[in-house]
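Have a look at the structure below before the remarks.
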Amino acid sequence: MTAADDFADLTPEQFLEAVVSGSIYPYAEHRIPKHRGGLRTLHAPVSRLSGIQQEILARLEALPAGFQPHPAAFAYRRGRSVVDCAAVHLRAHTVIRLDIADFFGSIRERHVHAALKDACSRPTEREYRIGLVEDGNGRREIGLRRTGHTLGTYTLARLVTVSPPEPSHTWTNRGTGCRSVRLEATGQDFSVRRPRPVYQRTREGFLPQGAPTSGYLSNIVMRDVDAVVTHLAESLGLRYTRYSDDMHFSSRRLVHHDDIDRLVVGVKNALEPLGMKLNAQKTYVARPGARRSVLGILVDGPTPRLTREYKRRITKHVRGAAAFGVEQHHRHQKFADLTELDAHVTGLLSFAHMVEPGWAEEQLADWKRLREMPLQHDEPVVTQHGLDLPWHEEIEVSQTDLAKASIDDLVRGAQRYRSSTDYLQMLEFVGRFKRYAPFNAMVVHIQKPGARYVLSSSEWESKYRRVLKPGAKPLLIFQPRGPYMLVYDVGDTEALPGALPLPKEITAPVSVSSRAGEKEVLEVWHHTETNLAPLGIRLTLVDHAASSCGRTYRSRSGSSVQRPGSRPGDRPERYPTLFEIEVNRNLPLLDRYATLAHELGHLFCGHLGADPGGSWPDRRSRPFSDEEAVRGHARNEVEAESIAYMVLKRLDPDVRMGDYITGHLGPGQQVPETVALNLTFKAAGLIIEMGKKRIPAAKLLKPKK
């Protein structure tokens, strides 16, 4: 074996051949103790091999959607976090966790080869492959190339797997296939000559825990398993996610023991083709009364929450420093110095900010006051104490990545603005938010959609004589000389005596003016909400700023929505959730009902597609140009707002709703010819009827002519 110090003397061709043939061992092994006893071996590739693996990873991540990991896989993916994974299981009645034993070690070279063979056979990948390229100085290095010799899938599999020197599994047919026989004549005799196999060693590699490619490749190898397990979970009424080797299932109802047994057997059968097994000692089932958590995050309520134990890890340092002083506390806790203590507490708070930002901000403010210095979030120091990560120990997360998590998680929230409508709304918001930089405007919009005007608490008081309301929620933005500052939306403030009134377009931009009584509106709201369940509609009140009203989209949760029985003692009615409607809880009651009527108008007019039961048609816009997209959007908004206007007119003939419709048409423009008045009137009539009384499910689900 060639020593690691000698790798620099090898040419690119020699280094590549040495890695593939196994004549060198380009990994450094690190054995670290596990929390539950035993040792875990990490294989860190040398810098030269790590660079090659980074190139391979970049090309694999650029493959089409059909080759990307299954949606149930959340680890090692850009734009997804542990909080996103836990959020799938919110409001869980039962949580089931299964653990895959020796996850990376079980993914063998043959599995990686099969996945890479699928990737490299795609037409979009035939132009660019990993190969030997020449730089401007005539030197040849591993890189991306267009033409010429490219590395085969067996070679790629060898570059991303590790084969330790000690005995391991063997793969006798690696890359040799059916060997052909060639006859050669020597005088009057014939001799048999077999071609020399490219891969002579039969020791089979596996995915190294520590290589940059291992996480992504594990998701690709597990893609078929995730698909099978997802189907199995859905058949049992469960939600499923996988974060590396942790498989989580949850349900909003009681899961019987027989169903859990069927689940475990089905998962074992799905893992069997890969030679994987479950770790029976780590199987966990949590029901009410036990801690229902996913990756260390509580999911038994409507929002993710930190566990009590994790909060204690933070408050132990904050309270200890407050009681005995920072100097004495760091010595008592056996930290080397204050820098190491800062890094430890900052790491804990970074994760806490992802889950419960309000609580984390309070603790951070106390810690900064005790330390009398700004904590730096960009380059925390690695300490021997680690970060006390709450999720499973198999997951490898660097100190730097976790310290930046509070910022990255905000940016990940922008993924929800991928659709053209939401994206344009975000750009419009950023454009009119002139006081702060565009990035800060985007950060505010992600934290509180619809925020209209934000200032710090001191500026609100000094400039506008306004103070914060009780329970006002701070918004985080970044400033040049500090790590960040806290600002508050105008909706979270109230005027002091003598304060000048703010313009209505800032304080209440979507307010509806009406003389309808609150009791009457509450009754209509209650009846309407009761009649949503048979149509497969789930209504959720969300915490947004005043100018954000609501939205409607197709449900992908696979859950059910229910409404109480018609008489006391009757069993509740359950229906599959088909559509989700979100309404801003911070709007006045009448505005909330107007928003609900507007969103139901979108739904009943077919703007989101047809109802599976045929209650409304499919009238989704399929534009071929930007102009057609604008016309389609205007048609949808005019129809929905017309419905809301007619519905509110029944409550109060003198209702005022502003110029929302004319705003979508533009000055001097007529109502689009594509507006379907018959559908608009029928939809308005149905919403009015839904607000009067409880309607039997059979009548609601009857197809409309």
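By order in the structure tokens, chains are A, B, ...; within a chain, residues start at 1; ligands start at 1, following the order shown.
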May I have the residues within 6 Å of Arg158 in chain A as a PDB file with C-alpha atoms, in the first residue's frame, using only C-alpha atoms and disregarding those fewer than 3 positions away in the same chain?
ATOM      1  CA  VAL A  20      -9.794   2.323  -8.343  1.00  0.00           C
ATOM      2  CA  THR A 155     -14.897   3.445 -11.689  1.00  0.00           C
ATOM      3  CA  THR A 161     -16.862   3.949  -1.747  1.00  0.00           C
TER       4      THR A 161
END
All residues 8 Å or closer to range 674-684 of chain A, only C-alpha atoms, same chain fewer than 6 positions away omitted, as a compact mmCIF listing (two decimals) with N, CA, C and O atoms, in the first residue's frame:
# COMPACT_ATOMS: atom_id res chain seq x y z
N GLY A 601 -64.34 30.95 -3.36
CA GLY A 601 -64.66 31.33 -4.73
C GLY A 601 -63.65 30.79 -5.72
O GLY A 601 -64.01 30.27 -6.79
N PHE A 604 -64.46 26.90 -5.89
CA PHE A 604 -65.70 26.52 -6.53
C PHE A 604 -65.75 26.93 -8.00
O PHE A 604 -66.56 26.39 -8.77
N CYS A 605 -64.92 27.87 -8.41
CA CYS A 605 -64.85 28.25 -9.82
C CYS A 605 -63.84 27.41 -10.59
O CYS A 605 -63.60 27.64 -11.78
N ARG A 635 -58.67 37.17 -14.42
CA ARG A 635 -59.98 36.50 -14.44
C ARG A 635 -60.27 35.82 -13.12
O ARG A 635 -61.36 35.95 -12.55
N ASN A 636 -59.28 35.07 -12.60
CA ASN A 636 -59.49 34.35 -11.35
C ASN A 636 -59.79 35.29 -10.19
O ASN A 636 -60.69 35.04 -9.38
N VAL A 638 -60.94 38.40 -10.30
CA VAL A 638 -62.23 39.08 -10.47
C VAL A 638 -63.37 38.16 -10.06
O VAL A 638 -64.31 38.58 -9.37
N GLU A 639 -63.31 36.89 -10.46
CA GLU A 639 -64.37 35.95 -10.10
C GLU A 639 -64.42 35.74 -8.59
O GLU A 639 -65.51 35.78 -7.98
N ALA A 640 -63.27 35.51 -7.97
CA ALA A 640 -63.25 35.24 -6.53
C ALA A 640 -63.72 36.43 -5.72
O ALA A 640 -64.49 36.29 -4.76
N SER A 642 -65.60 38.90 -6.75
CA SER A 642 -67.02 39.14 -7.02
C SER A 642 -67.88 38.25 -6.13
O SER A 642 -68.92 38.68 -5.61
N ILE A 643 -67.45 37.02 -5.96
CA ILE A 643 -68.17 36.09 -5.09
C ILE A 643 -68.15 36.59 -3.65
O ILE A 643 -69.18 36.62 -2.96
N ALA A 644 -66.97 37.00 -3.17
CA ALA A 644 -66.87 37.52 -1.80
C ALA A 644 -67.77 38.74 -1.62
O ALA A 644 -68.42 38.90 -0.58
N MET A 646 -70.58 39.49 -3.28
CA MET A 646 -71.99 39.10 -3.24
C MET A 646 -72.34 38.44 -1.91
O MET A 646 -73.44 38.64 -1.37
N VAL A 647 -71.41 37.64 -1.38
CA VAL A 647 -71.67 36.97 -0.10
C VAL A 647 -71.81 37.99 1.03
O VAL A 647 -72.73 37.91 1.86
Which of range 244-351 of chain A DSSP labels helix (DSSP H, G or I), written as JSON, numbers by chain = {"A": [257, 258, 259, 260, 261, 262, 263, 264, 265, 266, 267, 268, 269, 270, 271, 272, 273, 274, 280, 281, 282, 308, 309, 310, 311, 312, 313, 314, 315, 316, 317, 318, 319, 320, 321, 322, 323, 324, 326, 327, 328, 329, 330, 331, 332, 338, 339, 340, 341, 342, 343, 344, 345, 346, 347, 348, 349, 350, 351]}
message = Between A:Leu522, A:Leu98, A:Thr153, A:Asp259, which residue has the minimum interatomic distance to Val294 in chain A, considering only C-alpha atoms?
response =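 Counting only C-alpha atoms, the residue closest to Val294 in chain A is A:Leu98.
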message = Between CA of His633 in chain A and CA of Pro617 in chain A, what is the distance in Å, rounded to a tenth?
response = 17.3 Å
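Compared by their closest atoms to Thr94 in chain A, and using only C-alpha atoms, the residues A:His231, A:Arg77, A:His257, A:Lys469 rank with A:His257 nearest.
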inquiry  = List as a PyMOL selection string the protein and nucleic acid residues near range 306-320 of chain A, meaning an atom at most 9 Å away when only C-alpha atoms are counted, but skip any in the same chain fewer than 3 places from it.
reply    = chain A and resi 291+293+296-298+323-326+328-330+333+341+345+348-349+352+355-356+363-364+366-367+370+388-390
Written file, previous selection with N, CA and C atoms, as a PDB file, in the first residue's frame:
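Output file again-v9.pdb follows:
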ATOM      1  N   ARG A 291     -43.388  11.068  25.198  1.00  0.00           N
ATOM      2  CA  ARG A 291     -42.845  12.182  24.430  1.00  0.00           C
ATOM      3  C   ARG A 291     -42.916  11.857  22.943  1.00  0.00           C
ATOM      4  N   SER A 293     -41.877  12.878  19.676  1.00  0.00           N
ATOM      5  CA  SER A 293     -40.889  13.760  19.060  1.00  0.00           C
ATOM      6  C   SER A 293     -40.342  13.127  17.801  1.00  0.00           C
ATOM      7  N   GLY A 296     -35.770  14.867  17.865  1.00  0.00           N
ATOM      8  CA  GLY A 296     -35.606  15.707  19.038  1.00  0.00           C
ATOM      9  C   GLY A 296     -36.542  16.883  19.111  1.00  0.00           C
ATOM     10  N   ILE A 297     -37.528  16.970  18.199  1.00  0.00           N
ATOM     11  CA  ILE A 297     -38.476  18.086  18.161  1.00  0.00           C
ATOM     12  C   ILE A 297     -39.865  17.547  18.479  1.00  0.00           C
ATOM     13  N   LEU A 298     -40.550  18.155  19.421  1.00  0.00           N
ATOM     14  CA  LEU A 298     -41.891  17.714  19.789  1.00  0.00           C
ATOM     15  C   LEU A 298     -42.882  18.032  18.674  1.00  0.00           C
ATOM     16  N   ALA A 323     -26.072  33.567  38.005  1.00  0.00           N
ATOM     17  CA  ALA A 323     -25.960  33.370  39.457  1.00  0.00           C
ATOM     18  C   ALA A 323     -24.526  33.485  39.959  1.00  0.00           C
ATOM     19  N   PHE A 324     -23.552  32.974  39.189  1.00  0.00           N
ATOM     20  CA  PHE A 324     -22.187  32.888  39.700  1.00  0.00           C
ATOM     21  C   PHE A 324     -21.172  33.672  38.864  1.00  0.00           C
ATOM     22  N   GLY A 325     -21.641  34.273  37.768  1.00  0.00           N
ATOM     23  CA  GLY A 325     -20.711  34.977  36.901  1.00  0.00           C
ATOM     24  C   GLY A 325     -20.206  34.068  35.792  1.00  0.00           C
ATOM     25  N   VAL A 326     -19.903  34.663  34.636  1.00  0.00           N
ATOM     26  CA  VAL A 326     -19.503  33.881  33.472  1.00  0.00           C
ATOM     27  C   VAL A 326     -18.175  33.180  33.721  1.00  0.00           C
ATOM     28  N   GLN A 328     -16.684  32.135  36.557  1.00  0.00           N
ATOM     29  CA  GLN A 328     -16.783  30.981  37.446  1.00  0.00           C
ATOM     30  C   GLN A 328     -17.588  29.853  36.801  1.00  0.00           C
ATOM     31  N   HIS A 329     -18.618  30.237  36.023  1.00  0.00           N
ATOM     32  CA  HIS A 329     -19.456  29.217  35.387  1.00  0.00           C
ATOM     33  C   HIS A 329     -18.652  28.411  34.368  1.00  0.00           C
ATOM     34  N   HIS A 330     -17.847  29.068  33.542  1.00  0.00           N
ATOM     35  CA  HIS A 330     -17.110  28.324  32.516  1.00  0.00           C
ATOM     36  C   HIS A 330     -16.072  27.399  33.148  1.00  0.00           C
ATOM     37  N   GLN A 333     -18.060  24.369  34.599  1.00  0.00           N
ATOM     38  CA  GLN A 333     -18.514  23.464  33.547  1.00  0.00           C
ATOM     39  C   GLN A 333     -17.360  22.867  32.749  1.00  0.00           C
ATOM     40  N   LEU A 341     -16.973  28.368  25.597  1.00  0.00           N
ATOM     41  CA  LEU A 341     -18.316  28.410  26.174  1.00  0.00           C
ATOM     42  C   LEU A 341     -19.278  29.146  25.251  1.00  0.00           C
ATOM     43  N   VAL A 345     -22.767  27.515  23.663  1.00  0.00           N
ATOM     44  CA  VAL A 345     -24.101  28.077  23.878  1.00  0.00           C
ATOM     45  C   VAL A 345     -24.693  28.575  22.558  1.00  0.00           C
ATOM     46  N   LEU A 348     -26.127  25.667  20.596  1.00  0.00           N
ATOM     47  CA  LEU A 348     -27.423  25.243  21.128  1.00  0.00           C
ATOM     48  C   LEU A 348     -28.525  26.215  20.747  1.00  0.00           C
ATOM     49  N   LEU A 349     -28.248  27.515  20.829  1.00  0.00           N
ATOM     50  CA  LEU A 349     -29.260  28.517  20.508  1.00  0.00           C
ATOM     51  C   LEU A 349     -29.578  28.555  19.016  1.00  0.00           C
ATOM     52  N   ALA A 352     -32.104  25.950  18.528  1.00  0.00           N
ATOM     53  CA  ALA A 352     -33.336  26.379  19.195  1.00  0.00           C
ATOM     54  C   ALA A 352     -34.061  27.439  18.384  1.00  0.00           C
ATOM     55  N   VAL A 355     -36.383  26.090  15.783  1.00  0.00           N
ATOM     56  CA  VAL A 355     -37.608  25.448  16.261  1.00  0.00           C
ATOM     57  C   VAL A 355     -38.526  26.440  16.962  1.00  0.00           C
ATOM     58  N   GLU A 356     -38.001  27.173  17.947  1.00  0.00           N
ATOM     59  CA  GLU A 356     -38.788  28.154  18.699  1.00  0.00           C
ATOM     60  C   GLU A 356     -38.035  29.481  18.713  1.00  0.00           C
ATOM     61  N   GLN A 363     -33.478  33.981  25.278  1.00  0.00           N
ATOM     62  CA  GLN A 363     -32.277  33.410  25.897  1.00  0.00           C
ATOM     63  C   GLN A 363     -31.010  34.048  25.341  1.00  0.00           C
ATOM     64  N   LEU A 364     -30.997  34.325  24.037  1.00  0.00           N
ATOM     65  CA  LEU A 364     -29.824  34.952  23.434  1.00  0.00           C
ATOM     66  C   LEU A 364     -29.618  36.358  23.982  1.00  0.00           C
ATOM     67  N   ASP A 366     -30.494  37.433  26.942  1.00  0.00           N
ATOM     68  CA  ASP A 366     -29.954  37.297  28.299  1.00  0.00           C
ATOM     69  C   ASP A 366     -28.477  36.914  28.265  1.00  0.00           C
ATOM     70  N   TRP A 367     -28.117  36.005  27.352  1.00  0.00           N
ATOM     71  CA  TRP A 367     -26.725  35.572  27.283  1.00  0.00           C
ATOM     72  C   TRP A 367     -25.805  36.709  26.839  1.00  0.00           C
ATOM     73  N   LEU A 370     -25.234  39.000  29.693  1.00  0.00           N
ATOM     74  CA  LEU A 370     -24.294  38.431  30.663  1.00  0.00           C
ATOM     75  C   LEU A 370     -22.860  38.469  30.144  1.00  0.00           C
ATOM     76  N   ASP A 388     -24.228  18.920  21.555  1.00  0.00           N
ATOM     77  CA  ASP A 388     -25.390  18.299  22.196  1.00  0.00           C
ATOM     78  C   ASP A 388     -26.587  18.280  21.264  1.00  0.00           C
ATOM     79  N   LEU A 389     -26.383  17.760  20.048  1.00  0.00           N
ATOM     80  CA  LEU A 389     -27.478  17.733  19.086  1.00  0.00           C
ATOM     81  C   LEU A 389     -28.600  16.844  19.602  1.00  0.00           C
ATOM     82  N   PRO A 390     -29.852  17.270  19.459  1.00  0.00           N
ATOM     83  CA  PRO A 390     -30.948  16.492  20.021  1.00  0.00           C
ATOM     84  C   PRO A 390     -31.352  15.320  19.162  1.00  0.00           C
TER      85      PRO A 390
END
message = Residues near range 549-563 of chain A, anyone? I mean within 9 Å using only C-alpha atoms, not counting same-chain ones fewer than 4 positions away, as a ChimeraX atom specification.
response = /A:88,234,237-239,251-252,450,510,529-534,536-538,541-542,544-545,572-585,587,591-592,595-596,598-600,602-603,608
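Taking CA of Tyr76 in chain A and CA of Ala270 in chain A as the two end points, the separation is 21.6 Å.
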ask   = So how many Å separate CA of Lys692 in chain A and CA of Arg571 in chain A, to one decimal?
value =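 Calculated distance between CA of Lys692 in chain A and CA of Arg571 in chain A is 22.8 Å.
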